[in-house]
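Asker: There's a structure below that I have some questions on.
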Amino acid sequence: MTVTLAELCIAAVAEAFRTDRELVGTGIGPIPRLGVGLAKLTHSPGLMMTDGEAYLVEQPVPIGPRDYDARKPAGYLPFSRFFDSAVWTGRRHAMVTPTQVDQFGQTNLSALGGTYEQPKVQMLGARGFPGNGIYHANSMFIPMHSTRVFVEGEVDRISSPGHNPARRIAGGNYSGIDLRKIVTNLCVMDFGGPDNAIRVVSLHPGVTFDDVQAATGFTLIDAVAGETPLPTSEQLDNIAALDPHGVRHKVLKDNPPATPAN
C-alpha cells in the first residue's frame with residue numbers, strides 16, 4: 001500500500017502533539033485534526049478534544065459525513081467555558097494554518113498588501129488568533145511550503161504574536177508565547193534556534209535542506225536530525241478509521257506519495 005504525503009504529515013502532526021499532560025488538543029483543518037486524533041489513540045492518551053460544537057470528547061470523532069452520532073461526550077464545553085478552562089490556563093495545544101508566517105513566528109490571517117484601511121486582498125480577519133496566540137502552546141500546518149507563506153521580513157498584518165524583538169515593549173510579559181512546531185509538505189520545523197529562530201529539524205523523504213530554503217523567504221537554521229518518519233502500519237490503520245471517507249487525500253495537490261519515485 002502506498003503511503004501518501006498527507007499521511008506522513010498526519011503522523012508528524014501527531015508527534016507535534018506528543019504530551020504526558022492532560023491537554024485539549026485542537027487541530028484546525030483535516031490534517032491537524034487527524035493528527036490530534038492519532039496522537040490520542042497512540043502515544044498521548046491524556047489528550048482531550050472537542051466535537052467542534054459544545055462537548056468535550058475523550059475519543060476522536062471521525063471526520064466527514066456520518067449516518068450515526070460518533071461522539072462520546074465527556075462533558076459540556078461551550079465556547080465561553082472552553083476559554084476559561086483550557087485557553088487562558090495553558091491547558092491547550094492548537095495547530096492552525098495561517099496565510100503568512102515570518103521569521104519571528106508572527107502569523108497573518110487578516111489581509112494582504114495595500115494599506116490597513118484598503119488592503120489588496122481582504123481575508124478572514126484576525127478571528128481568534130490574537131487571543132489564541134498566547135497562554136497556551138501553538139503549532140502550525142502549512143500544506144504548500146512557499147515564499148508566499150514564509151515571507152521575507154514581516155507578515156503584512158500581525159494576527160498572532162511571535163518573537164519579534166522590535167514588537168516588544170519594555171517591561172512587557174511575553175512568557176505566554178509558546179510556539180512549538182511547524183509541519184509542512186516539505187519538512188518539520190521548530191523554534192529552537194537562537195532567539196527562538198525557526199530551524200528545520202527533519203526533512204520529508206526526497207527533500208533537501210536547499211529545497212526548503214529556496215521555498216522560504218527568510219534564512220533558516222539547519223538542525224536536521226534526519227528524515228521525517230513514515231507512519232507505521234498501526235498509525236495508518238488509525239488514520240483510516242479516523243478518516244473513513246478519505247478527506248486527507250484531498251488536502252495536498254495531486255495527493256502525492258510520501259516517498260517520491262526514483
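The way I read the labels, and the way they are meant: chains A, B, ... in the order of the C-alpha cells, residue 1 as the first residue of every chain, and ligand 1 as the first ligand shown, with later ones counted on from there.
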DSSP on the backbone, then: every residue of region 117-186 of chain A marked strand (DSSP E), written as a short mmCIF file (atom, residue, chain, number, x, y, z; two decimals) with N, CA and C atoms, in the first residue's frame.

Answerer:
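Okay, this is what ended up in states15.cif:
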```
data_model
loop_
_atom_site.label_atom_id
_atom_site.label_comp_id
_atom_site.auth_asym_id
_atom_site.auth_seq_id
_atom_site.Cartn_x
_atom_site.Cartn_y
_atom_site.Cartn_z
N VAL A 121 -5.85 42.43 -0.67
CA VAL A 121 -6.68 41.23 -0.52
C VAL A 121 -7.19 41.17 0.91
N GLN A 122 -8.49 41.16 1.08
CA GLN A 122 -9.10 41.04 2.42
C GLN A 122 -9.44 39.57 2.66
N ALA A 137 0.13 26.50 24.12
CA ALA A 137 1.01 26.10 23.02
C ALA A 137 0.31 26.24 21.67
N ASN A 138 1.08 26.66 20.67
CA ASN A 138 0.58 26.78 19.31
C ASN A 138 1.57 26.17 18.32
N SER A 139 1.05 25.46 17.35
CA SER A 139 1.83 24.92 16.24
C SER A 139 1.11 25.28 14.95
N MET A 140 1.73 24.94 13.82
CA MET A 140 1.16 25.30 12.52
C MET A 140 1.30 24.15 11.54
N PHE A 141 0.34 24.07 10.62
CA PHE A 141 0.42 23.17 9.48
C PHE A 141 0.30 23.99 8.21
N ILE A 142 1.26 23.84 7.31
CA ILE A 142 1.27 24.58 6.05
C ILE A 142 1.27 23.57 4.90
N ASP A 178 4.11 30.60 23.25
CA ASP A 178 4.67 29.25 23.26
C ASP A 178 4.47 28.63 21.88
N LEU A 179 5.42 28.87 20.99
CA LEU A 179 5.35 28.33 19.63
C LEU A 179 6.15 27.03 19.58
N ARG A 180 5.55 25.97 19.04
CA ARG A 180 6.16 24.64 19.10
C ARG A 180 6.70 24.15 17.76
N LYS A 181 5.83 23.69 16.88
CA LYS A 181 6.25 23.03 15.65
C LYS A 181 5.53 23.62 14.44
N ILE A 182 6.18 23.48 13.29
CA ILE A 182 5.56 23.78 12.00
C ILE A 182 5.74 22.56 11.12
N VAL A 183 4.64 21.97 10.70
CA VAL A 183 4.68 20.83 9.78
C VAL A 183 4.23 21.32 8.41
N THR A 184 5.04 21.08 7.39
CA THR A 184 4.68 21.49 6.03
C THR A 184 4.76 20.28 5.11
#
```

Asker: Can you list, as a ChimeraX atom specification, every protein, DNA or RNA residue that comes within 10 Å of Gly192 (chain A) when you count only C-alpha atoms, leaving out same-chain residues fewer than 5 positions away?

Answerer: /A:179-181,197-201,221,223

Asker: Quick one, how far is CA of Gly46 (chain A) from CA of Thr19 (chain A)?

Answerer: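 Those two atoms sit 7.6 Å apart.
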
Asker: What does the structure give for the distance between CA of Asn164 (chain A) and CA of Ser110 (chain A), in Å to one decimal?

Answerer: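 Separation of CA of Asn164 (chain A) and CA of Ser110 (chain A): 18.5 Å.
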
Asker: Which polymer residues have any atom within 9 Å of an atom of Thr42 (chain A), counting only C-alpha atoms, with same-chain residues fewer than 5 positions away left out, as a ChimeraX atom specification?

Answerer: /A:14,37,234-235,238

Asker: If I take CA of Thr26 (chain A) and CA of Asp51 (chain A), how far is one from the other in Å, to one decimal?

Answerer: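 It comes out at 10.0 Å.
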
Asker: Counting only C-alpha atoms, which residue out of A:Ala170, A:Leu23, A:Ile31, A:Leu5 sits closest to Pro45 (chain A)?

Answerer: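 Going through A:Ala170, A:Leu23, A:Ile31, A:Leu5 one by one, the smallest distance to Pro45 (chain A) is for A:Leu23.
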
Asker: List the neighbours of Pro130 (chain A) out to 8 Å using only C-alpha atoms; skip same-chain residues closer than 3 positions along the sequence, and give me the result as a PyMOL selection string.

Answerer: chain A and resi 126-127+133-134+159-161

Asker: List the neighbours of Arg248 (chain A) out to 10 Å using only C-alpha atoms; skip same-chain residues closer than 2 positions along the sequence, and give me the result as a list in words.

Answerer: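 Returned residues: Thr4, Leu5, Ala6, Glu7, Cys9, Ile10, Gly29, Pro30, Ile31, Leu34, Ile63, Ile239, Ala240, Asp243, Pro244, His245, Gly246, Lys250, Val251, Leu252 and Asn255 of chain A.
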
Asker: Write out as a ChimeraX atom specification each polymer residue whose atoms come within 10 Å of region 84-86 of chain A, counting only C-alpha atoms; drop sequence neighbours fewer than 3 positions from it.

Answerer: /A:23-25,77,79-81,89-93,135-136

Asker: Okay, now the selection with N, CA and C atoms, as an mmCIF file, in the first residue's frame?

Answerer:
```
data_model
loop_
_atom_site.group_PDB
_atom_site.id
_atom_site.type_symbol
_atom_site.label_atom_id
_atom_site.label_comp_id
_atom_site.auth_asym_id
_atom_site.auth_seq_id
_atom_site.Cartn_x
_atom_site.Cartn_y
_atom_site.Cartn_z
ATOM 1 N N LEU A 23 -4.269 17.702 28.246
ATOM 2 C CA LEU A 23 -4.452 18.917 27.472
ATOM 3 C C LEU A 23 -5.591 18.749 26.481
ATOM 4 N N VAL A 24 -6.200 19.860 26.107
ATOM 5 C CA VAL A 24 -7.134 19.850 24.985
ATOM 6 C C VAL A 24 -6.317 20.086 23.718
ATOM 7 N N GLY A 25 -6.372 19.144 22.799
ATOM 8 C CA GLY A 25 -5.700 19.291 21.521
ATOM 9 C C GLY A 25 -6.692 19.796 20.482
ATOM 10 N N LEU A 77 -18.927 21.666 27.115
ATOM 11 C CA LEU A 77 -17.858 22.638 26.998
ATOM 12 C C LEU A 77 -18.212 23.687 25.951
ATOM 13 N N PHE A 79 -18.328 27.487 24.172
ATOM 14 C CA PHE A 79 -17.188 28.307 23.783
ATOM 15 C C PHE A 79 -16.635 29.129 24.935
ATOM 16 N N SER A 80 -17.504 29.783 25.700
ATOM 17 C CA SER A 80 -17.038 30.638 26.789
ATOM 18 C C SER A 80 -16.317 29.826 27.865
ATOM 19 N N ARG A 81 -16.844 28.667 28.178
ATOM 20 C CA ARG A 81 -16.224 27.825 29.194
ATOM 21 C C ARG A 81 -14.901 27.245 28.697
ATOM 22 N N THR A 89 -5.697 29.106 30.561
ATOM 23 C CA THR A 89 -4.991 28.420 31.652
ATOM 24 C C THR A 89 -3.823 27.574 31.156
ATOM 25 N N GLY A 90 -3.541 27.619 29.861
ATOM 26 C CA GLY A 90 -2.419 26.863 29.326
ATOM 27 C C GLY A 90 -2.684 25.391 29.137
ATOM 28 N N ARG A 91 -3.943 24.973 29.191
ATOM 29 C CA ARG A 91 -4.273 23.551 29.057
ATOM 30 C C ARG A 91 -4.739 23.214 27.632
ATOM 31 N N ARG A 92 -4.125 23.875 26.674
ATOM 32 C CA ARG A 92 -4.499 23.651 25.284
ATOM 33 C C ARG A 92 -3.270 23.698 24.389
ATOM 34 N N HIS A 93 -3.294 22.895 23.348
ATOM 35 C CA HIS A 93 -2.290 22.977 22.280
ATOM 36 C C HIS A 93 -3.069 23.009 20.975
ATOM 37 N N TYR A 135 -0.660 32.244 26.000
ATOM 38 C CA TYR A 135 -1.040 31.472 27.193
ATOM 39 C C TYR A 135 -1.153 29.973 26.981
ATOM 40 N N HIS A 136 -1.104 29.502 25.746
ATOM 41 C CA HIS A 136 -1.071 28.051 25.536
ATOM 42 C C HIS A 136 -0.235 27.755 24.299
#
```

Asker: For Ala94 (chain A), which residue out of A:Val61, A:Tyr174, A:Val224, A:Ile28 is the nearest one, using only C-alpha atoms?

Answerer: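 Between A:Val61, A:Tyr174, A:Val224, A:Ile28, the residue approaching Ala94 (chain A) most closely is A:Ile28.
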
Asker: Measuring between only C-alpha atoms, which one of A:Lys120, A:His204, A:Arg33, A:His163 shows the shortest distance to Thr228 (chain A)?

Answerer: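 Result for the nearest residue to Thr228 (chain A): A:His204.
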